[in-house]
Amino acid sequence: MSHTLYAAPLSLYSGKARAYLDWKGVSYTEVLSTPDVYRDVIVPNVGRPVIPVLQTSEGAILQDTTVIIDHFESSEDGPSIYPDSPRQRLAALLLECFGDEWLVIPAMHYRWNYNEEWVYGEFGKTALPDGTPEEQHAIGKKRGSTFRGFVPMLGINESTIPAVEASYETLLAHLDAHFDCSSVGQPFLLGSRPSIGDFGLIGPLYAHLYRDPASGEIMERLAPNVVEWVQRMVEVKEPLSGEFLANDVIPDTLLPVLARMMHEQVPYLEKVSAMLGEWHTANPGADLPRAIGMADFSIEGVSGQRIAVPFSLWMLQRGLDYLGSLNADDRASCNEMLRACGGDALIDFDMPVRLSFKDHVLQAE
C-alpha cells in the first residue's frame, strides 16, 4: 500500500513536498484537498485546515514539509538531500529557511497583486472539482479571499511593493547566473543533486511564481535558467541521482543568494527572537501562539512591519543546531562562510527559547 499525500496544485508547500517525494522515489498517491478531505481527514487528525498532509502506508499522519521530508530521509534508502560536508549542509539548511519563510513575501505579492482573478479559479477547482468555471470562480473567490487578507500582514503594501519587486528581480538574476549550465553554473544549488535548500526554494518559486501565469511570464522573461531549474525540480527525470560538489565548495554564484537572506531575513528574525523571549517571560507555561505581534523588517532600504512568526525561528534553529554541533575546525569553516555573505549575526544568534514541532504544533520547551 502506498502513502497518501493530501495536497493541491496551487499550494506552495504542496509543491515542495511533491517535488521531494518524486525525487526520493517514494510511492504515493496524491489526493486533492477538497472540503470533504479537510472535514474527514485533515482537521480531525491535524486540528486545523492545512496542507500538505501525508498519511503513511502504516497510517501515521505527517504535517509540515520538513517533517515529511525528514521522515523519508530516515526511513528510505538512497542518497540524501542533506550534504555531509559542513558548509554545504549549513548553507542548504539556511536556504530552506529562506525559501520557506521569506520568499512567501514575493510569492504572495505576485499571486494576489498580479494573478488574483486567475487564482480564484484555482481555489475553485480544489473546492468544487466538478463545478463549472463560473461556479468554481464564485466559490474560489469566497475561499481565496481569506488568503488575500493575509497579504498586508506579510508586510506587502503600496509602500513596500516596489522594494519587494526589486528584491525579487535581483534574486532571480542571481539565481539565473547560478543555474546557467552553459557557463559554470550548477543544475542545482550545490551540484548535480538537489539539496534541502533546493526544496525550500521550490515551494514559492514553483507553486506561485512559476505556475501562476502573470508571475510565470516574468520568470520566463527575466530568468530562463531559473525556469529550467524549476522544471528539473518538478519534472523529475532521474530520481535519487547526482552528487554534491566536492571539497565542501560553496559556489561564488550562491553567495549573493545567501547574502540576500542575511540582509533581509536575519534582521527580522533577530527582532522576532527578541519578541519571543519577551513573550515567553510574560506567559510562562502558555501555549505558543502562531504569531506574537508585528515585527519591523526592511527590503531594499524600505521599512515596514510584518507578522512575527515563531515558526520561522524553528526553521532557523535547524541550521543553528547544526552549526553548534560541529567541531572547532568545521565550525570555523562555516563561520568564515557566514562572514563572507554578511551572516555574522548567525554566528552567535540569540535564541531565547528552544522550539520543537510535536503533534503538528510548534511548542516552546
# chains A, B, ... in the order shown; residues from 1 in each chain; ligands from 1
call {"tool": "residues_around", "arguments": {"residues": "segment 37-52 of chain A", "least_positions_apart": "6", "cutoff": "6 Å", "atoms": "only C-alpha atoms", "output": "mmCIF file with N, CA, C and O atoms, in the first residue's frame"}}
result
data_model
loop_
_atom_site.group_PDB
_atom_site.id
_atom_site.type_symbol
_atom_site.label_atom_id
_atom_site.label_comp_id
_atom_site.auth_asym_id
_atom_site.auth_seq_id
_atom_site.Cartn_x
_atom_site.Cartn_y
_atom_site.Cartn_z
ATOM 1 N N TYR A 6 -2.145 14.472 0.769
ATOM 2 C CA TYR A 6 -3.287 15.367 0.619
ATOM 3 C C TYR A 6 -2.733 16.756 0.299
ATOM 4 O O TYR A 6 -2.019 17.358 1.114
ATOM 5 N N ALA A 7 -3.045 17.261 -0.885
ATOM 6 C CA ALA A 7 -2.360 18.449 -1.380
ATOM 7 C C ALA A 7 -3.226 19.128 -2.437
ATOM 8 O O ALA A 7 -4.363 18.711 -2.699
ATOM 9 N N SER A 14 2.693 22.285 -0.812
ATOM 10 C CA SER A 14 2.440 21.037 -1.538
ATOM 11 C C SER A 14 3.474 20.850 -2.634
ATOM 12 O O SER A 14 3.951 19.732 -2.885
#
call {"tool": "residues_around", "arguments": {"residues": "Arg318 of chain A", "least_positions_apart": "2", "cutoff": "12 Å", "atoms": "only C-alpha atoms", "output": "ChimeraX atom specification"}}
result
/A:66-67,70,89-97,196,311-316,320-325,351,354-357
call {"tool": "residues_around", "arguments": {"residues": "Ser11 of chain A", "least_positions_apart": "2", "cutoff": "12 Å", "atoms": "only C-alpha atoms", "output": "mmCIF file with C-alpha atoms, in the first residue's frame"}}
result
data_model
loop_
_atom_site.group_PDB
_atom_site.id
_atom_site.type_symbol
_atom_site.label_atom_id
_atom_site.label_comp_id
_atom_site.auth_asym_id
_atom_site.auth_seq_id
_atom_site.Cartn_x
_atom_site.Cartn_y
_atom_site.Cartn_z
ATOM 1 C CA TYR A 6 -3.287 15.367 0.619
ATOM 2 C CA ALA A 7 -2.360 18.449 -1.380
ATOM 3 C CA ALA A 8 -3.370 20.897 -4.112
ATOM 4 C CA PRO A 9 -1.666 22.226 -7.255
ATOM 5 C CA TYR A 13 4.163 23.804 0.420
ATOM 6 C CA SER A 14 2.440 21.037 -1.538
ATOM 7 C CA GLY A 15 4.853 21.873 -4.350
ATOM 8 C CA LYS A 16 7.807 21.405 -2.021
ATOM 9 C CA ALA A 17 6.585 18.066 -0.665
ATOM 10 C CA ARG A 18 5.637 16.696 -4.092
ATOM 11 C CA LEU A 32 -6.888 16.662 -3.856
ATOM 12 C CA SER A 33 -7.634 18.534 -0.620
ATOM 13 C CA VAL A 50 -3.646 22.909 6.438
ATOM 14 C CA ILE A 51 -1.846 21.201 3.553
ATOM 15 C CA PRO A 52 0.122 19.250 2.655
ATOM 16 C CA VAL A 53 -0.620 16.345 4.946
ATOM 17 C CA THR A 65 7.003 19.614 4.664
ATOM 18 C CA VAL A 104 6.477 33.789 0.796
ATOM 19 C CA ALA A 107 5.101 34.657 -3.689
ATOM 20 C CA MET A 108 2.021 36.191 -2.056
ATOM 21 C CA ARG A 111 -0.141 35.903 -6.631
ATOM 22 C CA VAL A 119 -6.172 32.148 -8.695
ATOM 23 C CA GLU A 122 -7.692 27.627 -8.949
ATOM 24 C CA PHE A 123 -9.192 27.735 -5.469
ATOM 25 C CA THR A 126 -9.914 22.493 -5.446
ATOM 26 C CA GLY A 144 -9.492 32.610 -1.565
ATOM 27 C CA PHE A 147 -5.673 34.177 1.823
ATOM 28 C CA ILE A 202 10.966 25.296 -4.972
ATOM 29 C CA GLY A 203 7.767 25.879 -2.983
ATOM 30 C CA PRO A 204 7.435 29.612 -3.683
ATOM 31 C CA LEU A 205 9.346 29.608 -6.955
ATOM 32 C CA TYR A 206 7.185 26.859 -8.446
ATOM 33 C CA ALA A 207 3.682 26.887 -6.994
ATOM 34 C CA HIS A 208 3.250 30.671 -7.032
ATOM 35 C CA LEU A 209 5.955 32.398 -9.031
ATOM 36 C CA ARG A 211 2.846 28.333 -12.067
ATOM 37 C CA ASP A 212 0.719 31.483 -11.706
#
call {"tool": "closest_residue", "arguments": {"among": "A:Gly216, A:Leu12, A:Phe72, A:Tyr168", "to": "Ser27 of chain A", "atoms": "only C-alpha atoms"}}
result
A:Phe72
call {"tool": "residues_around", "arguments": {"residues": "Glu270 of chain A", "least_positions_apart": "5", "cutoff": "10 Å", "atoms": "only C-alpha atoms", "output": "VMD selection string"}}
result
chain A and resid 265 275 to 276 295 313 345 to 346 349 to 351
call {"tool": "write_last_selection", "arguments": {"atoms": "N, CA, C and O atoms", "output": "PDB file, in the first residue's frame"}}
result
ATOM      1  N   GLN A 265      16.250  38.763   5.759  1.00  0.00           N
ATOM      2  CA  GLN A 265      15.502  37.904   6.676  1.00  0.00           C
ATOM      3  C   GLN A 265      16.095  37.867   8.081  1.00  0.00           C
ATOM      4  O   GLN A 265      15.352  37.882   9.072  1.00  0.00           O
ATOM      5  N   MET A 275      11.257  39.332  20.531  1.00  0.00           N
ATOM      6  CA  MET A 275       9.841  39.354  20.898  1.00  0.00           C
ATOM      7  C   MET A 275       9.423  38.031  21.528  1.00  0.00           C
ATOM      8  O   MET A 275       8.645  38.009  22.488  1.00  0.00           O
ATOM      9  N   LEU A 276       9.955  36.926  21.019  1.00  0.00           N
ATOM     10  CA  LEU A 276       9.618  35.626  21.586  1.00  0.00           C
ATOM     11  C   LEU A 276      10.132  35.514  23.020  1.00  0.00           C
ATOM     12  O   LEU A 276       9.436  34.983  23.892  1.00  0.00           O
ATOM     13  N   ALA A 295       6.513  42.669  13.597  1.00  0.00           N
ATOM     14  CA  ALA A 295       7.947  42.953  13.699  1.00  0.00           C
ATOM     15  C   ALA A 295       8.399  43.834  12.546  1.00  0.00           C
ATOM     16  O   ALA A 295       7.915  43.699  11.412  1.00  0.00           O
ATOM     17  N   LEU A 313      11.532  30.889  13.389  1.00  0.00           N
ATOM     18  CA  LEU A 313      12.682  30.646  14.253  1.00  0.00           C
ATOM     19  C   LEU A 313      12.960  29.154  14.397  1.00  0.00           C
ATOM     20  O   LEU A 313      14.117  28.751  14.547  1.00  0.00           O
ATOM     21  N   ALA A 345      25.659  37.739  12.121  1.00  0.00           N
ATOM     22  CA  ALA A 345      24.650  37.670  13.185  1.00  0.00           C
ATOM     23  C   ALA A 345      24.277  36.240  13.542  1.00  0.00           C
ATOM     24  O   ALA A 345      23.805  35.973  14.656  1.00  0.00           O
ATOM     25  N   LEU A 346      24.482  35.302  12.627  1.00  0.00           N
ATOM     26  CA  LEU A 346      24.119  33.911  12.914  1.00  0.00           C
ATOM     27  C   LEU A 346      25.185  33.180  13.717  1.00  0.00           C
ATOM     28  O   LEU A 346      24.912  32.103  14.266  1.00  0.00           O
ATOM     29  N   PHE A 349      23.851  33.782  17.292  1.00  0.00           N
ATOM     30  CA  PHE A 349      22.440  34.200  17.286  1.00  0.00           C
ATOM     31  C   PHE A 349      21.788  33.862  18.628  1.00  0.00           C
ATOM     32  O   PHE A 349      21.942  32.762  19.147  1.00  0.00           O
ATOM     33  N   ASP A 350      21.046  34.813  19.188  1.00  0.00           N
ATOM     34  CA  ASP A 350      20.391  34.623  20.485  1.00  0.00           C
ATOM     35  C   ASP A 350      19.011  34.015  20.277  1.00  0.00           C
ATOM     36  O   ASP A 350      18.081  34.704  19.861  1.00  0.00           O
ATOM     37  N   MET A 351      18.894  32.722  20.578  1.00  0.00           N
ATOM     38  CA  MET A 351      17.601  32.045  20.527  1.00  0.00           C
ATOM     39  C   MET A 351      17.124  31.876  21.970  1.00  0.00           C
ATOM     40  O   MET A 351      17.594  30.998  22.698  1.00  0.00           O
TER      41      MET A 351
END
call {"tool": "residues_around", "arguments": {"residues": "Ser303 of chain A", "least_positions_apart": "5", "cutoff": "10 Å", "atoms": "only C-alpha atoms", "output": "CSV table (one decimal) with all heavy atoms, in the first residue's frame"}}
result
chain,number,residue,atom,x,y,z
A,155,GLY,N,3.5,42.3,5.3
A,155,GLY,CA,4.2,43.5,5.0
A,155,GLY,C,4.2,44.0,3.6
A,155,GLY,O,5.0,44.8,3.2
A,159,SER,N,3.6,50.9,0.0
A,159,SER,CA,5.0,51.5,0.3
A,159,SER,C,6.1,50.5,0.0
A,159,SER,O,7.1,50.8,-0.5
A,159,SER,CB,5.0,51.9,1.7
A,159,SER,OG,6.3,52.3,2.1
A,160,THR,N,5.8,49.2,0.3
A,160,THR,CA,6.9,48.2,0.2
A,160,THR,C,6.9,47.4,-1.1
A,160,THR,O,7.9,46.8,-1.4
A,160,THR,CB,6.7,47.1,1.4
A,160,THR,OG1,5.4,46.5,1.3
A,160,THR,CG2,6.8,47.8,2.7
A,163,ALA,N,9.9,47.8,-3.5
A,163,ALA,CA,11.1,47.1,-2.9
A,163,ALA,C,11.0,45.6,-3.0
A,163,ALA,O,12.0,44.9,-3.3
A,163,ALA,CB,11.3,47.6,-1.5
A,296,ASP,N,9.3,44.7,12.8
A,296,ASP,CA,9.9,45.6,11.8
A,296,ASP,C,10.7,44.7,10.8
A,296,ASP,O,11.4,43.7,11.2
A,296,ASP,CB,10.8,46.6,12.4
A,296,ASP,CG,10.1,47.6,13.2
A,296,ASP,OD1,8.8,47.8,13.0
A,296,ASP,OD2,10.7,48.2,14.1
A,297,PHE,N,10.8,45.1,9.5
A,297,PHE,CA,11.6,44.5,8.6
A,297,PHE,C,12.0,45.5,7.5
A,297,PHE,O,11.4,46.6,7.5
A,297,PHE,CB,11.0,43.3,7.9
A,297,PHE,CG,9.9,43.6,6.9
A,297,PHE,CD1,10.2,43.5,5.5
A,297,PHE,CD2,8.7,44.1,7.2
A,297,PHE,CE1,9.3,43.9,4.5
A,297,PHE,CE2,7.7,44.4,6.3
A,297,PHE,CZ,8.0,44.3,4.9
A,298,SER,N,13.0,45.2,6.7
A,298,SER,CA,13.5,46.1,5.7
A,298,SER,C,13.9,45.3,4.4
A,298,SER,O,14.6,44.3,4.5
A,298,SER,CB,14.7,46.9,6.2
A,298,SER,OG,15.1,47.8,5.2
